[in-house]
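Enquirer: Quick one: structure below, then a few questions.
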There are 2 protein chains.
Amino acid sequence: MARRKDHTHEQIRSLAIEAVLAHLQQAPASDMSLRKLAQQLGYSPGTLINVFGSYDLLLLSVNAHTLDQLAAHLPSADLASTEPTELATLEHTHLRLLALASAYLDFARQHRYQWQLLFDHRLPEDEALPVWQQQRISDLFAQLEALLAACSPRASAGECQRAARTLWASVHGICVLSLSEKLFTSEVDDGPAMLASLIQHYISAWHQAHKEC
Amino acid sequence: MARRKDHTHEQIRSLAIEAVLAHLQQAPASDMSLRKLAQQLGYSPGTLINVFGSYDLLLLSVNAHTLDQLAAHLPSADLASTEPTELATLEHTHLRLLALASAYLDFARQHRYQWQLLFDHRLPEDEALPVWQQQRISDLFAQLEALLAACSPRASAGECQRAARTLWASVHGICVLSLSEKLFTSEVDDGPAMLASLIQHYISAWHQAHKEC
DNA sequence: CACAAAATATGAACACCGTTCAAAATACAC
DNA sequence: GTGTATTTTGAACGGTGTTCATATTTTGTG
């Protein structure tokens with residue numbers, strides 16, 4: 001057999017990724033398989049391996065797409081409409097952090113299995129994770145650190161970095177447990193309220209600690 | 001063939017769980033399989049399925065063991081040696097929460113793959129998770145809520161519950177990301193420092209908010 | 001002690017999985 | 001047209017968890 005040329009490799013990439021994303025709207029990644037996907041696309045498993053290199057790399061490409069989608073889902077800074085004086089207030093930082101965290105949780109809830117794949121998929125070895133992923137993540141953290149720095153100018157860059165990481169790891173933990181229902185049993189899980197509690201308390205104390213005195 | 005009676009079912013359970021735990025000290029659960037495990041024990045795969053019901057249930061039993069181990073690893077309250085007056089102080093609550101969180105992180109680091117299995121292993125359906133698991137988890141949370149309640153008597157039970165959950169979800173998130181190295185790239189991950197930052201700031205603001213005024 | 005009956009470990013079989021690879025079929029250059 | 005290079009394919013491989021009839025051992029009974 002040979003080149004059907006129904007689609008270019010790039011088209012096959014897109015088709016495959018779209019198909020996986022569609023599947024992840026309704027079922028976890030563990031219910032998908034290379035063979036099922038290939039059959040659904042009308043190609044053989046080997047073709048997909050030719051295109052992506054391996055099934056693992058295919059899922060990694062899906063994760064790349066998810067990261068872009070997630071970045072687009074987070075509210076952007078909108079620096080134009082905010083006064084520099086207002087920008088530095090505790091209130092503004094508080095609201096913006098809450099907006100970011102809420103959007104993060106919202107995305108996780110809306111694309112549950114897609115979001116889980118992002119963190120469930122472990123690389124074969126702990127072979128360094130791709131640069132694009134690294135870049136997107138540090139972009140997000142740069143935002144957070146800038147927010148904290150603007151709010152509390154007396155805090156050092158190192159302190160801002162640690163606070164940003166602490167805060168986001170916490171936000172992430174709340175999202176994980178809010179979705180997995182593994183820790184908070186049966187009862188209503190109130191993710192938004194937990195996010196609000198975390199950010200309100202953490203930021204307020206952080207701001208207090210770095211006040212000029 | 002039939003009953004060799006080298007071991008009782010209960011003994012096989014223990015042997016299997018111990019073997020999996022030993023494996024998890026050095027490699028993730030995905031590197032283990034029912035067949036490998038059976039061969040290692042000198043039994044057939046079918047026997048293990050007879051004993052445990054399925055491979056999934058076998059792993060669930062491992063998780064049960066892990067939860068017990070984890071509970072034993074956390075520092076106990078030691079109520080006898082603390083004065084009631086001291087018990088209610090902010091400082092005491094702060095230290096105790098930090099001790100609990102640090103022990104949690106320590107366990108996760110020391111038994112990395114075992115700890116990951118605890119959260120990676122998803123039940124077939126979201127069929128209610130076992131009661132024993134539910135019990136142990138609520139025991140931990142009862143401790144946390146009691147701590148918070150003792151520290152801030154003016155806080156309602158509902159507020160204590162939310163705070164306990166928020167706090168522990170955050171601690172969990174820090175542990176997850178500290179181990180996975182998926183978010184904080186390449187650089188030193190300072191789990192303990194993040195835990196300290198989280199607890200110090202959150203508790204201080206929480207205490208402030210529920211002061212009598 | 002012998003024999004029947006219950007219990008149970010087994011291994012072959014099944015349906016999947018991701019991956020490899022020689023061969024076949026197409027596309028392209030001349 | 002012809003020849004060559006390219007690419008899809010399907011069969012095969014070794015792996016997975018699970019099922020089940022069978023063979024064997026233990027147990028209960030006469």
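Residue names in the structure tokens use chain letters A, B, ... in the order shown, residue numbers from 1 in each chain, and ligand numbers from 1 in the order shown.
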Hey, which bits of chain D sit within 9 Å of chain A, and for each residue what's the closest pair of atoms and how far apart in Å (one decimal), counting only C-alpha atoms (C1' of nucleotides), rows by chain and increasing number, as a Markdown table?

Expert:
| residue | atom | partner | partner_atom | distance |
| --- | --- | --- | --- | --- |
| D:DT6 | C1' | A:Arg3 | CA | 7.6 |
| D:DT7 | C1' | A:Arg3 | CA | 4.7 |
| D:DT8 | C1' | A:Ala2 | CA | 4.0 |
| D:DT9 | C1' | A:Met1 | CA | 5.4 |
| D:DG10 | C1' | A:Ser44 | CA | 8.6 |

Enquirer: What does chain A look like once superposed on chain B, all Cα atoms paired in sequence order, least squares? Give it as a PDB file with C-alpha atoms, in the first residue's frame.

Expert:
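Saved to part-v5.pdb:
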ATOM      1  CA  MET A   1      -4.256 -28.452  39.362  1.00  0.00           C
ATOM      2  CA  ALA A   2      -5.406 -27.459  42.740  1.00  0.00           C
ATOM      3  CA  ARG A   3      -4.934 -26.236  46.183  1.00  0.00           C
ATOM      4  CA  ARG A   4      -1.247 -26.187  46.945  1.00  0.00           C
ATOM      5  CA  LYS A   5      -2.058 -24.673  50.273  1.00  0.00           C
ATOM      6  CA  ASP A   6       1.444 -23.282  50.512  1.00  0.00           C
ATOM      7  CA  HIS A   7      -0.308 -20.212  51.784  1.00  0.00           C
ATOM      8  CA  THR A   8      -3.784 -19.243  52.833  1.00  0.00           C
ATOM      9  CA  HIS A   9      -5.608 -16.584  50.893  1.00  0.00           C
ATOM     10  CA  GLU A  10      -4.835 -14.130  53.625  1.00  0.00           C
ATOM     11  CA  GLN A  11      -1.155 -14.926  53.334  1.00  0.00           C
ATOM     12  CA  ILE A  12      -1.277 -14.497  49.590  1.00  0.00           C
ATOM     13  CA  ARG A  13      -2.904 -11.126  50.113  1.00  0.00           C
ATOM     14  CA  SER A  14      -0.065 -10.039  52.348  1.00  0.00           C
ATOM     15  CA  LEU A  15       2.628 -11.448  50.085  1.00  0.00           C
ATOM     16  CA  ALA A  16       1.196  -9.723  47.040  1.00  0.00           C
ATOM     17  CA  ILE A  17       0.771  -6.382  48.756  1.00  0.00           C
ATOM     18  CA  GLU A  18       4.266  -6.519  50.203  1.00  0.00           C
ATOM     19  CA  ALA A  19       5.687  -7.348  46.793  1.00  0.00           C
ATOM     20  CA  VAL A  20       3.915  -4.409  45.189  1.00  0.00           C
ATOM     21  CA  LEU A  21       5.047  -2.082  47.953  1.00  0.00           C
ATOM     22  CA  ALA A  22       8.620  -3.242  47.490  1.00  0.00           C
ATOM     23  CA  HIS A  23       8.350  -2.589  43.790  1.00  0.00           C
ATOM     24  CA  LEU A  24       6.895   0.867  44.357  1.00  0.00           C
ATOM     25  CA  GLN A  25       9.983   1.863  46.293  1.00  0.00           C
ATOM     26  CA  GLN A  26      11.901   1.900  43.054  1.00  0.00           C
ATOM     27  CA  ALA A  27       9.530   2.132  40.105  1.00  0.00           C
ATOM     28  CA  PRO A  28       6.070   3.473  39.306  1.00  0.00           C
ATOM     29  CA  ALA A  29       3.014   1.272  39.364  1.00  0.00           C
ATOM     30  CA  SER A  30       2.797   1.338  35.591  1.00  0.00           C
ATOM     31  CA  ASP A  31       5.921  -0.819  35.480  1.00  0.00           C
ATOM     32  CA  MET A  32       4.205  -3.511  37.526  1.00  0.00           C
ATOM     33  CA  SER A  33       1.690  -5.928  36.104  1.00  0.00           C
ATOM     34  CA  LEU A  34      -0.488  -8.730  37.325  1.00  0.00           C
ATOM     35  CA  ARG A  35       1.553 -11.253  35.391  1.00  0.00           C
ATOM     36  CA  LYS A  36       4.929 -10.037  36.613  1.00  0.00           C
ATOM     37  CA  LEU A  37       3.664  -9.990  40.159  1.00  0.00           C
ATOM     38  CA  ALA A  38       2.219 -13.496  39.875  1.00  0.00           C
ATOM     39  CA  GLN A  39       5.459 -14.864  38.492  1.00  0.00           C
ATOM     40  CA  GLN A  40       7.430 -13.189  41.240  1.00  0.00           C
ATOM     41  CA  LEU A  41       5.203 -14.821  43.849  1.00  0.00           C
ATOM     42  CA  GLY A  42       5.268 -18.200  42.149  1.00  0.00           C
ATOM     43  CA  TYR A  43       1.526 -18.212  41.526  1.00  0.00           C
ATOM     44  CA  SER A  44      -0.496 -17.902  38.365  1.00  0.00           C
ATOM     45  CA  PRO A  45      -2.241 -14.663  37.410  1.00  0.00           C
ATOM     46  CA  GLY A  46      -5.591 -16.353  37.837  1.00  0.00           C
ATOM     47  CA  THR A  47      -4.853 -17.134  41.464  1.00  0.00           C
ATOM     48  CA  LEU A  48      -4.297 -13.487  42.276  1.00  0.00           C
ATOM     49  CA  ILE A  49      -7.522 -12.639  40.531  1.00  0.00           C
ATOM     50  CA  ASN A  50      -9.279 -15.290  42.593  1.00  0.00           C
ATOM     51  CA  VAL A  51      -7.908 -13.754  45.770  1.00  0.00           C
ATOM     52  CA  PHE A  52      -8.369 -10.072  45.015  1.00  0.00           C
ATOM     53  CA  GLY A  53     -11.181 -10.119  42.484  1.00  0.00           C
ATOM     54  CA  SER A  54      -9.250  -8.112  39.920  1.00  0.00           C
ATOM     55  CA  TYR A  55      -5.979  -6.328  39.426  1.00  0.00           C
ATOM     56  CA  ASP A  56      -7.706  -3.032  40.129  1.00  0.00           C
ATOM     57  CA  LEU A  57      -8.891  -4.307  43.488  1.00  0.00           C
ATOM     58  CA  LEU A  58      -5.389  -5.536  44.237  1.00  0.00           C
ATOM     59  CA  LEU A  59      -4.046  -2.029  43.711  1.00  0.00           C
ATOM     60  CA  LEU A  60      -6.884  -0.715  45.838  1.00  0.00           C
ATOM     61  CA  SER A  61      -5.726  -2.970  48.658  1.00  0.00           C
ATOM     62  CA  VAL A  62      -2.257  -1.553  48.255  1.00  0.00           C
ATOM     63  CA  ASN A  63      -3.763   1.905  48.612  1.00  0.00           C
ATOM     64  CA  ALA A  64      -5.510   0.844  51.789  1.00  0.00           C
ATOM     65  CA  HIS A  65      -2.169  -0.213  53.218  1.00  0.00           C
ATOM     66  CA  THR A  66      -0.634   3.056  52.107  1.00  0.00           C
ATOM     67  CA  LEU A  67      -3.320   5.078  53.854  1.00  0.00           C
ATOM     68  CA  ASP A  68      -2.630   3.252  57.119  1.00  0.00           C
ATOM     69  CA  GLN A  69       1.074   3.782  56.688  1.00  0.00           C
ATOM     70  CA  LEU A  70       0.498   7.454  55.984  1.00  0.00           C
ATOM     71  CA  ALA A  71      -1.716   7.876  59.027  1.00  0.00           C
ATOM     72  CA  ALA A  72       0.967   6.279  61.181  1.00  0.00           C
ATOM     73  CA  HIS A  73       3.582   8.581  59.713  1.00  0.00           C
ATOM     74  CA  LEU A  74       1.739  11.750  60.682  1.00  0.00           C
ATOM     75  CA  PRO A  75       2.613  13.117  64.119  1.00  0.00           C
ATOM     76  CA  SER A  76      -0.107  12.393  66.632  1.00  0.00           C
ATOM     77  CA  ALA A  77      -1.768  15.063  68.692  1.00  0.00           C
ATOM     78  CA  ASP A  78      -0.014  14.327  71.979  1.00  0.00           C
ATOM     79  CA  LEU A  79      -2.704  16.111  73.934  1.00  0.00           C
ATOM     80  CA  ALA A  80      -1.347  15.032  77.304  1.00  0.00           C
ATOM     81  CA  SER A  81       1.780  17.155  77.167  1.00  0.00           C
ATOM     82  CA  THR A  82       0.131  20.386  76.109  1.00  0.00           C
ATOM     83  CA  GLU A  83      -1.632  22.782  78.392  1.00  0.00           C
ATOM     84  CA  PRO A  84      -5.201  23.639  77.389  1.00  0.00           C
ATOM     85  CA  THR A  85      -4.252  27.322  77.370  1.00  0.00           C
ATOM     86  CA  GLU A  86      -1.290  26.749  75.118  1.00  0.00           C
ATOM     87  CA  LEU A  87      -3.317  24.507  72.884  1.00  0.00           C
ATOM     88  CA  ALA A  88      -5.507  27.359  71.803  1.00  0.00           C
ATOM     89  CA  THR A  89      -2.716  29.701  70.756  1.00  0.00           C
ATOM     90  CA  LEU A  90      -2.041  30.740  67.216  1.00  0.00           C
ATOM     91  CA  GLU A  91       1.549  29.682  67.583  1.00  0.00           C
ATOM     92  CA  HIS A  92       0.624  26.158  68.602  1.00  0.00           C
ATOM     93  CA  THR A  93      -1.842  25.753  65.756  1.00  0.00           C
ATOM     94  CA  HIS A  94       0.699  27.100  63.323  1.00  0.00           C
ATOM     95  CA  LEU A  95       3.386  24.684  64.445  1.00  0.00           C
ATOM     96  CA  ARG A  96       1.102  21.702  64.509  1.00  0.00           C
ATOM     97  CA  LEU A  97      -0.285  22.352  61.049  1.00  0.00           C
ATOM     98  CA  LEU A  98       3.214  22.789  59.701  1.00  0.00           C
ATOM     99  CA  ALA A  99       4.276  19.552  61.362  1.00  0.00           C
ATOM    100  CA  LEU A 100       1.356  17.694  59.784  1.00  0.00           C
ATOM    101  CA  ALA A 101       1.950  19.162  56.360  1.00  0.00           C
ATOM    102  CA  SER A 102       5.683  18.526  56.535  1.00  0.00           C
ATOM    103  CA  ALA A 103       5.083  14.921  57.507  1.00  0.00           C
ATOM    104  CA  TYR A 104       2.692  14.605  54.591  1.00  0.00           C
ATOM    105  CA  LEU A 105       5.279  15.928  52.170  1.00  0.00           C
ATOM    106  CA  ASP A 106       7.962  13.810  53.774  1.00  0.00           C
ATOM    107  CA  PHE A 107       5.920  10.682  53.279  1.00  0.00           C
ATOM    108  CA  ALA A 108       5.207  11.589  49.683  1.00  0.00           C
ATOM    109  CA  ARG A 109       8.903  12.106  48.991  1.00  0.00           C
ATOM    110  CA  GLN A 110       9.949   8.976  50.810  1.00  0.00           C
ATOM    111  CA  HIS A 111       7.370   6.769  49.131  1.00  0.00           C
ATOM    112  CA  ARG A 112       6.994   8.614  45.914  1.00  0.00           C
ATOM    113  CA  TYR A 113       5.426   5.960  43.658  1.00  0.00           C
ATOM    114  CA  GLN A 114       3.360   4.507  46.433  1.00  0.00           C
ATOM    115  CA  TRP A 115       1.933   7.927  47.159  1.00  0.00           C
ATOM    116  CA  GLN A 116       1.283   8.629  43.495  1.00  0.00           C
ATOM    117  CA  LEU A 117      -0.637   5.391  43.133  1.00  0.00           C
ATOM    118  CA  LEU A 118      -2.940   6.622  45.861  1.00  0.00           C
ATOM    119  CA  PHE A 119      -4.151   9.415  43.604  1.00  0.00           C
ATOM    120  CA  ASP A 120      -3.446   8.088  40.118  1.00  0.00           C
ATOM    121  CA  HIS A 121      -5.572   5.003  40.519  1.00  0.00           C
ATOM    122  CA  ARG A 122      -9.028   5.959  39.329  1.00  0.00           C
ATOM    123  CA  LEU A 123     -11.934   3.722  40.119  1.00  0.00           C
ATOM    124  CA  PRO A 124     -13.645   2.077  37.099  1.00  0.00           C
ATOM    125  CA  GLU A 125     -16.757   4.148  37.439  1.00  0.00           C
ATOM    126  CA  ASP A 126     -16.911   6.979  39.954  1.00  0.00           C
ATOM    127  CA  GLU A 127     -18.525   4.255  41.985  1.00  0.00           C
ATOM    128  CA  ALA A 128     -18.384   5.419  45.588  1.00  0.00           C
ATOM    129  CA  LEU A 129     -14.952   4.955  47.102  1.00  0.00           C
ATOM    130  CA  PRO A 130     -14.619   2.403  49.930  1.00  0.00           C
ATOM    131  CA  VAL A 131     -15.787   3.320  53.424  1.00  0.00           C
ATOM    132  CA  TRP A 132     -12.470   2.647  55.086  1.00  0.00           C
ATOM    133  CA  GLN A 133     -10.856   5.233  52.877  1.00  0.00           C
ATOM    134  CA  GLN A 134     -13.611   7.695  53.611  1.00  0.00           C
ATOM    135  CA  GLN A 135     -13.200   7.074  57.329  1.00  0.00           C
ATOM    136  CA  ARG A 136      -9.474   7.630  57.422  1.00  0.00           C
ATOM    137  CA  ILE A 137      -9.747  10.825  55.461  1.00  0.00           C
ATOM    138  CA  SER A 138     -12.444  12.277  57.649  1.00  0.00           C
ATOM    139  CA  ASP A 139     -10.334  11.404  60.692  1.00  0.00           C
ATOM    140  CA  LEU A 140      -7.552  13.562  59.349  1.00  0.00           C
ATOM    141  CA  PHE A 141      -9.905  16.416  58.591  1.00  0.00           C
ATOM    142  CA  ALA A 142     -11.502  16.174  62.002  1.00  0.00           C
ATOM    143  CA  GLN A 143      -8.057  16.830  63.462  1.00  0.00           C
ATOM    144  CA  LEU A 144      -7.554  19.859  61.272  1.00  0.00           C
ATOM    145  CA  GLU A 145     -10.968  21.292  62.014  1.00  0.00           C
ATOM    146  CA  ALA A 146     -10.447  20.809  65.748  1.00  0.00           C
ATOM    147  CA  LEU A 147      -7.149  22.647  65.552  1.00  0.00           C
ATOM    148  CA  LEU A 148      -8.682  25.574  63.731  1.00  0.00           C
ATOM    149  CA  ALA A 149     -11.668  25.641  66.030  1.00  0.00           C
ATOM    150  CA  ALA A 150      -9.468  25.669  69.142  1.00  0.00           C
ATOM    151  CA  CYS A 151      -7.383  28.467  67.713  1.00  0.00           C
ATOM    152  CA  SER A 152     -10.305  30.654  66.698  1.00  0.00           C
ATOM    153  CA  PRO A 153     -13.332  29.885  68.852  1.00  0.00           C
ATOM    154  CA  ARG A 154     -15.425  32.509  67.124  1.00  0.00           C
ATOM    155  CA  ALA A 155     -15.283  30.693  63.817  1.00  0.00           C
ATOM    156  CA  SER A 156     -18.304  28.577  62.983  1.00  0.00           C
ATOM    157  CA  ALA A 157     -18.047  24.863  62.345  1.00  0.00           C
ATOM    158  CA  GLY A 158     -18.752  25.456  58.673  1.00  0.00           C
ATOM    159  CA  GLU A 159     -15.972  28.006  58.440  1.00  0.00           C
ATOM    160  CA  CYS A 160     -13.564  25.620  60.135  1.00  0.00           C
ATOM    161  CA  GLN A 161     -14.495  22.895  57.718  1.00  0.00           C
ATOM    162  CA  ARG A 162     -13.974  25.059  54.682  1.00  0.00           C
ATOM    163  CA  ALA A 163     -10.675  26.332  56.022  1.00  0.00           C
ATOM    164  CA  ALA A 164      -9.465  22.821  56.782  1.00  0.00           C
ATOM    165  CA  ARG A 165     -10.319  21.660  53.301  1.00  0.00           C
ATOM    166  CA  THR A 166      -8.835  24.684  51.636  1.00  0.00           C
ATOM    167  CA  LEU A 167      -5.664  24.329  53.614  1.00  0.00           C
ATOM    168  CA  TRP A 168      -5.250  20.638  52.983  1.00  0.00           C
ATOM    169  CA  ALA A 169      -6.073  20.832  49.305  1.00  0.00           C
ATOM    170  CA  SER A 170      -3.378  23.474  49.075  1.00  0.00           C
ATOM    171  CA  VAL A 171      -0.897  21.356  50.974  1.00  0.00           C
ATOM    172  CA  HIS A 172      -1.734  18.490  48.673  1.00  0.00           C
ATOM    173  CA  GLY A 173      -1.220  20.652  45.595  1.00  0.00           C
ATOM    174  CA  ILE A 174       2.191  21.717  46.817  1.00  0.00           C
ATOM    175  CA  CYS A 175       3.156  18.087  47.370  1.00  0.00           C
ATOM    176  CA  VAL A 176       1.854  17.024  43.957  1.00  0.00           C
ATOM    177  CA  LEU A 177       3.717  19.683  42.056  1.00  0.00           C
ATOM    178  CA  SER A 178       6.796  19.371  44.199  1.00  0.00           C
ATOM    179  CA  LEU A 179       7.065  15.709  43.220  1.00  0.00           C
ATOM    180  CA  SER A 180       5.849  15.779  39.654  1.00  0.00           C
ATOM    181  CA  GLU A 181       8.297  18.440  38.522  1.00  0.00           C
ATOM    182  CA  LYS A 182       5.757  19.214  35.845  1.00  0.00           C
ATOM    183  CA  LEU A 183       5.117  22.793  36.786  1.00  0.00           C
ATOM    184  CA  PHE A 184       8.285  23.997  38.400  1.00  0.00           C
ATOM    185  CA  THR A 185      10.882  23.321  35.812  1.00  0.00           C
ATOM    186  CA  SER A 186      14.448  22.284  36.354  1.00  0.00           C
ATOM    187  CA  GLU A 187      15.098  24.610  39.234  1.00  0.00           C
ATOM    188  CA  VAL A 188      15.262  23.527  42.810  1.00  0.00           C
ATOM    189  CA  ASP A 189      11.827  22.788  44.121  1.00  0.00           C
ATOM    190  CA  ASP A 190      11.534  23.962  47.647  1.00  0.00           C
ATOM    191  CA  GLY A 191       8.521  22.104  48.917  1.00  0.00           C
ATOM    192  CA  PRO A 192       9.138  22.750  52.609  1.00  0.00           C
ATOM    193  CA  ALA A 193       9.504  26.481  52.058  1.00  0.00           C
ATOM    194  CA  MET A 194       6.269  26.588  50.096  1.00  0.00           C
ATOM    195  CA  LEU A 195       4.443  24.691  52.809  1.00  0.00           C
ATOM    196  CA  ALA A 196       5.772  27.067  55.409  1.00  0.00           C
ATOM    197  CA  SER A 197       4.737  30.080  53.353  1.00  0.00           C
ATOM    198  CA  LEU A 198       1.258  28.720  52.746  1.00  0.00           C
ATOM    199  CA  ILE A 199       0.519  27.824  56.324  1.00  0.00           C
ATOM    200  CA  GLN A 200       2.065  30.872  57.878  1.00  0.00           C
ATOM    201  CA  HIS A 201       0.195  33.297  55.678  1.00  0.00           C
ATOM    202  CA  TYR A 202      -3.105  31.471  55.525  1.00  0.00           C
ATOM    203  CA  ILE A 203      -3.331  30.805  59.242  1.00  0.00           C
ATOM    204  CA  SER A 204      -2.260  34.246  60.226  1.00  0.00           C
ATOM    205  CA  ALA A 205      -4.954  35.871  58.084  1.00  0.00           C
ATOM    206  CA  TRP A 206      -7.545  33.314  59.149  1.00  0.00           C
ATOM    207  CA  HIS A 207      -6.807  34.000  62.784  1.00  0.00           C
ATOM    208  CA  GLN A 208      -6.940  37.717  62.200  1.00  0.00           C
ATOM    209  CA  ALA A 209     -10.298  37.428  60.479  1.00  0.00           C
ATOM    210  CA  HIS A 210     -11.868  35.549  63.376  1.00  0.00           C
ATOM    211  CA  LYS A 211     -10.497  37.617  66.212  1.00  0.00           C
ATOM    212  CA  GLU A 212     -12.988  38.865  68.716  1.00  0.00           C
ATOM    213  CA  CYS A 213     -13.345  42.572  68.131  1.00  0.00           C
TER     214      CYS A 213
END

Enquirer: Restrict the distance test to only C-alpha atoms (C1' of nucleotides), flag each residue of chain C within 10 Å of chain B, and return the flagged residues as a PyMOL selection string.

Expert: chain C and resi 7-11

Enquirer: Quick one: residues within 12 Å of C:DA13, only C-alpha atoms (C1' of nucleotides), excluding same-chain residues fewer than 3 positions away - as a ChimeraX atom specification?

Expert: /D:18-21
